[in-house]
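Asker: Sharing a structure below in structure tokens format, with a few things to ask.
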Amino acid sequence: MSQKSWTFLMVGLSFALYLFIAWRTRVRDTHGFYVAGRGVPAAANGMATAADWMSAASFISMAGIISTMGYAGGVYLMGWTGGFVLLALLLAPYLRKFGHFTVPDFVGDRYESNVARTVAVICAVFVSFTYVAGQMRGVGIVFSRFLEVDIDVGVAIGMALVLVYATLGGMKGITWTQVAQYWVLISAFLIPAIAISIQLTGQPLPQLGMGAELLREGVPLLAKLDGLHAELGFAPYTEAFAGGWDRVNVFCTALALMVGTAGLPHVIVRFYTVRNVAAARWSGFWALGFIALLYLTAPATAAFARYFLIESLQGRSEAELPEWFRHWSHTGLILWLDDGDGRVRYAGGEALAENELFRAGSLGAADLAELRAGHERWLRSSGSEGADGRQALRERGLSGPDPDIIVLATPEMAGLASWIVALVAAGGLAAALSTASGLLLVISSSVAHDLYYRMLRPDASEAQQLLVGRLVIGLAVVVAGLFGIFPPGFVSQVVAFAFGLAAASFFPVIALGIFSRRVGTVPAIAGMTAGIVFTAAYILGSVYGGMPRWCFGIGPQGIGTVGMLLNFAVTLALTPLFPPPSAEVRALIDRIREPEGAGPAVIAEA
Amino acid sequence: MSGGEDPRLHACIQAYWRRNLRLMAGLLAVWAFAGLGCGVLLADRLNAFRLGGFPLGFWFAQQGSILVFVALIGVYALAMRRLDRIHHAELEALRRSGAPREG
């Protein structure tokens with residue numbers, strides 16, 4: 001069977017499974033639609049949270065980014081997992097005890113203010129749309145790379161699928177589909193990693209294989225990579241704080257990602273779906289455990305792929321290049337522009353000018369063809385005609401292969417079987433779809449529950465609420481799909497934005513809402529506003545405005561840390577000047593701090 | 001259930017919350033030390049040591065911190081289960097001794 005038929009088979013089977021689950025879990029009330037009837041067991045919720053949380057970026061891009069960054073890639077690993085500790089210890093059990101449907105619900109009720117609720121709704125919708133656009137794009141990319149379907153058609157297929165199972169089953173359908181998607185994506189990630197680890201080091205556990213000796217050379221893999229990097233002009237793979245990733249930036253970025261993770265609404269709402277407070281704690285444990293399976297494997301995949309990439313390309317002539325290189329250079333993820341000696345040379349750091357491997361990035365096919373033709377003429381005329389394409393690509397910041405190639409092409413680099421390559425395609429789709437559906441539900445619940453029901457039409461009936469919820473999710477799918485088809489150029493920077501914003505807005509406001517009985521409405525709104533405005537202005541200023549990094553040299557990815565501190569500082573400084581919350585709110589705080597006792601939220605669902 | 005009426009009930013709930021906070025502070029200190037400490041602030045110094053084929057700082061940044069994080073949440077869930085049981089028993093004892101309990 002050909003590669004393409006395998007891929008169609010794997011993707012088709014996984015889609016059929018998702019639709020079957022959607023039909024079996026369709027719901028009829030808002031309880032099922034928003035919080036899956038609060039009947040999800042802790043381990044299943046952990047699995048769904050893991051699938052929800054691990055996006056197309058975690059599955060497709062993260063290992064590649066680590067592979068390029070070496071040590072500093074650890075900020076993503078630590079940041080995205082460390083946030084779960086904050087979430088499980090500081091937020092999840094209390095929000096579950098509070099027992100409503102959404103994050104703005106908590107903010108609005110705790111601070112007794114519809115202004116606070118509205119700010120929270122806007123943040124939740126913005127963060128979710130930012131994210132979901134990237135997921136839809138991810139679906140399109142997997143379709144176009146593996147099945148040679150047009151990206152737009154791929155996005156449309158993904159939209160149709162999510163539309164069916166999200167509107168039919170709401171949170172319940174999404175939860176059980178995510179459980180299935182977790183298994184698809186984790187096996188798609190682990191099987192190739194284990195196969196490659198055995199092939200390279202004889203060690204079946206990739207986490208140990210990464211630190212083991214290479215069978216063929218008898219030197220430890222990481223030492224070999226450090227050596228290769230030194231030869232090519234890069235900083236050593238395992239060296240801490242190389243280049244722009246100095247201590248301050250690694251620290252601030254890791255912390256911003258941690259706090260941002262804890263503040264992401266689509267992850268927080270997952271803890272509303274379990275039975276009780278204890279289940280919320282265990283669910284956090286299961287979630288991080290299931291996530292760790294992928295996050296502990298990704299750095300191993302990154303190191304293996306780095307080795308394959310350099311070893312199979314460096315110094316090769318056109319005829320010696322491996323098959324996967326030819327296949328993937330069609331996609332523009334990797335390009336070779338020779339300097340005239342007929343041998344591939346991959347270089348970076350000090351030797352960046354000699355590098356011959358590039359990526360197409362967002363360069364159109366026509367521009368790229370023109371650039372290559374100019375480069376051919378430049379080579380043949382020894383520099384008197386045409387133009388050096390390498391210089392043009394270097395100036396556009398397109399040096400080196402696209403990080404996405406690491407996960408997508410590594411199974412082929414290692415010469416693994418066709419069905420494994422097909423499984424990777426299904427896994428990438430599972431990762432993108434599971435995250436997209438979770439985010440769409442947050443958008444739907446923020447608009448339909450918080451805006452429509454809590455603020456505009458408190459007398460709406462159950463059926464009306466459900467209808468509005470379904471309409472909003474349908475509309476959100478279409479908008480997200482349009483973002484996927486016409487991606488705004490800023491999608492990649494915007495992810496930093498989503499985390500920075502979540503860190504600077506939600507985390508302080510929720511944490512103080514639980515752990516302080518004194519913080520009142522005005523300080524909380526002022527703190528949230530200060531955090532958001534500062535973070536947004538800094539990111540926009542440094543990405544678009546060419547603003548220098550005046551704040552301790554911190555880049556846009558790490559500035560959420562400062563925004564969070566600013567939020568805490570403003571809120572706490574203003575608190576003594578304003579009245580404390582009302583007696584009802586203080587009773588609410590006491591209730592969520594204590595697992596026993598019959599709070600109204602628990603009575604309502606019994 | 002603010003427990004404002006009965007001082008014993010109030011004390012019981014206060015004790016539960018204080019124990020919870022102490023546990024949380026301890027675990028978060030480990031969290032910060034393993035992740036931000038060993039994985040970031042001390043990474044270059046720890047890289048002078050080796051763990052198998054790994055430089056130690058690099059291992060903490062890409063493997064060790066994640067293992068510690070998973071363990072921390074597990075310890076928290078276990079410790080809180082114990083704390084919840086003690087708290088439950090204390091509340092039961094109070095109720096049997098005739099303390100009024102609202103809610």
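Residues are named by chain letter and number: chains run A, B, ... in the order of the structure tokens, numbers start at 1 in each chain, and ligands are numbered from 1 in the order shown.
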With a cut-off of 7 Å and counting only C-alpha atoms, select all residues of chain A in contact with chain B and give the selection as a PDB file with C-alpha atoms, in the first residue's frame.
Answerer:
ATOM      1  CA  TYR A  71      19.015  24.007  26.073  1.00  0.00           C
ATOM      2  CA  GLY A  74      13.557  23.846  27.857  1.00  0.00           C
ATOM      3  CA  LEU A  77       8.951  22.280  28.371  1.00  0.00           C
ATOM      4  CA  MET A  78       9.243  23.805  31.851  1.00  0.00           C
ATOM      5  CA  THR A  81       4.268  21.832  32.388  1.00  0.00           C
ATOM      6  CA  GLY A  82       5.176  24.001  35.397  1.00  0.00           C
ATOM      7  CA  VAL A  85       1.469  22.799  39.256  1.00  0.00           C
ATOM      8  CA  ALA A  88      -3.605  22.177  40.355  1.00  0.00           C
ATOM      9  CA  LEU A  89      -2.470  23.726  43.652  1.00  0.00           C
ATOM     10  CA  GLY A 211      21.563  10.443  27.270  1.00  0.00           C
ATOM     11  CA  ALA A 212      22.991   7.192  25.911  1.00  0.00           C
ATOM     12  CA  PRO A 220      27.163   9.922  23.906  1.00  0.00           C
ATOM     13  CA  THR A 238      23.468  21.642  25.883  1.00  0.00           C
ATOM     14  CA  ALA A 240      22.852  27.250  28.953  1.00  0.00           C
ATOM     15  CA  ARG A 247      19.421  34.198  32.045  1.00  0.00           C
ATOM     16  CA  VAL A 250      14.956  32.290  29.939  1.00  0.00           C
ATOM     17  CA  PHE A 251      13.681  32.982  33.458  1.00  0.00           C
ATOM     18  CA  ARG A 281      -6.943  17.665  42.311  1.00  0.00           C
ATOM     19  CA  TRP A 282      -6.466  14.146  40.931  1.00  0.00           C
ATOM     20  CA  PHE A 285      -2.251  14.991  38.439  1.00  0.00           C
ATOM     21  CA  LEU A 288       0.152  16.534  33.795  1.00  0.00           C
ATOM     22  CA  GLY A 289       1.101  12.844  33.858  1.00  0.00           C
ATOM     23  CA  ALA A 292       4.513  14.561  30.544  1.00  0.00           C
ATOM     24  CA  LEU A 296       9.486  14.094  28.224  1.00  0.00           C
ATOM     25  CA  PRO A 299      13.366  16.705  23.811  1.00  0.00           C
ATOM     26  CA  ALA A 587     -19.088  33.869  52.635  1.00  0.00           C
ATOM     27  CA  ASP A 590     -15.067  30.804  52.866  1.00  0.00           C
ATOM     28  CA  ARG A 591     -17.198  28.266  51.072  1.00  0.00           C
ATOM     29  CA  GLY A 597     -20.258  21.834  53.689  1.00  0.00           C
ATOM     30  CA  ALA A 598     -23.168  22.428  51.429  1.00  0.00           C
TER      31      ALA A 598
END
Asker: What does the structure give for the distance between CA of Gly32 (chain A) and CA of Met171 (chain A), in Å to one decimal?
Answerer: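 Interatomic distance, CA of Gly32 (chain A) to CA of Met171 (chain A): 6.6 Å.
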Asker: To test your reading of the structure, identify every residue in chain B that backbone DSSP assigns to alpha helix (DSSP H), and report it as a VMD selection string.
Answerer: chain B and resid 7 to 32 43 to 46 56 to 59 65 to 96
Asker: Determine the nearest neighbour of Ala303 (chain A) from the options A:Thr535, A:Thr261, A:Gln178, A:Thr410, counting only C-alpha atoms.
Answerer: A:Thr410
Asker: Quick one: residues within 8 Å of Pro403 (chain A), only C-alpha atoms counted, chain neighbours fewer than 6 positions away excluded, as a ChimeraX atom specification?
Answerer: /A:61-65,67-68
Asker: Point out the residue among A:Gly415, A:Pro579, A:Gly527, A:Gly400 with the least atom-to-atom distance to Leu335 (chain A), counting only C-alpha atoms.
Answerer: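 Smallest distance to Leu335 (chain A) is found for A:Gly400.
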Asker: What are the DSSP strand (DSSP E) residues of region 326-386 of chain A, as a PyMOL selection string?
Answerer: chain A and resi 335-336+357-358
Asker: So that I can check the surroundings of region 370-387 of chain A, please list as a list in words every protein, DNA and RNA residue that reaches within 8 Å of it, counting only C-alpha atoms and ignoring chain neighbours fewer than 4 positions away.
Answerer: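 Within the cut-off, the hits are Leu337, Asp339, Gly340 and Ala366 of chain A.
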Asker: Export, as a JSON list (two decimals), in the first residue's frame, the selected residues with N, CA and C atoms.
Answerer:
[["chain", "number", "residue", "atom", "x", "y", "z"],
["A", 337, "LEU", "N", 20.35, 26.07, -1.16],
["A", 337, "LEU", "CA", 20.90, 26.98, -2.17],
["A", 337, "LEU", "C", 22.42, 26.91, -2.08],
["A", 339, "ASP", "N", 26.52, 27.13, -2.70],
["A", 339, "ASP", "CA", 27.44, 28.25, -2.95],
["A", 339, "ASP", "C", 28.33, 27.97, -4.15],
["A", 340, "GLY", "N", 28.12, 26.82, -4.85],
["A", 340, "GLY", "CA", 28.89, 26.53, -6.05],
["A", 340, "GLY", "C", 29.79, 25.33, -5.93],
["A", 366, "ALA", "N", 5.77, 31.89, -6.32],
["A", 366, "ALA", "CA", 6.31, 32.66, -7.45],
["A", 366, "ALA", "C", 7.59, 33.39, -7.03]]
Asker: Figure out the distance between CA of Ala480 (chain A) and CA of Ile157 (chain A), please, to one decimal in Å.
Answerer: 12.8 Å
Asker: Neighbouring residues of region 349-352 of chain A were defined as those with any atom within 8 Å, considering only C-alpha atoms; residues of the same chain fewer than 4 positions away were excluded. Please report them as number ranges by chain.
Answerer: A: 232-235
Asker: Please provide as a ChimeraX atom specification all residues within 7 Å of Val40 (chain A), with the sequence filter that same-chain residues fewer than 5 positions apart are discarded (counting only C-alpha atoms).
Answerer: /A:45,273-275
Asker: Please dump the current selection as a PDB file, in the first residue's frame; keep N, CA and C atoms.
Answerer:
ATOM      1  N   ASN A  45     -10.836  12.850  32.601  1.00  0.00           N
ATOM      2  CA  ASN A  45     -10.719  14.294  32.462  1.00  0.00           C
ATOM      3  C   ASN A  45      -9.256  14.696  32.287  1.00  0.00           C
ATOM      4  N   THR A 273     -15.581  20.081  34.985  1.00  0.00           N
ATOM      5  CA  THR A 273     -16.360  18.937  34.507  1.00  0.00           C
ATOM      6  C   THR A 273     -16.294  17.732  35.433  1.00  0.00           C
ATOM      7  N   VAL A 274     -15.448  17.768  36.480  1.00  0.00           N
ATOM      8  CA  VAL A 274     -15.311  16.575  37.322  1.00  0.00           C
ATOM      9  C   VAL A 274     -16.289  16.614  38.494  1.00  0.00           C
ATOM     10  N   ARG A 275     -16.384  15.481  39.220  1.00  0.00           N
ATOM     11  CA  ARG A 275     -17.438  15.337  40.220  1.00  0.00           C
ATOM     12  C   ARG A 275     -17.266  16.234  41.431  1.00  0.00           C
TER      13      ARG A 275
END
Asker: What is the CA of Val142 (chain A) to CA of Cys123 (chain A) distance in Å?
Answerer: 29.1 Å
Asker: Of the residues A:Leu423, A:Ile406, A:Ile174, A:Ala300, which is the one nearest to Val27 (chain A), using only C-alpha atoms?
Answerer: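 Comparing A:Leu423, A:Ile406, A:Ile174, A:Ala300 against Val27 (chain A), the winner is A:Ile174.
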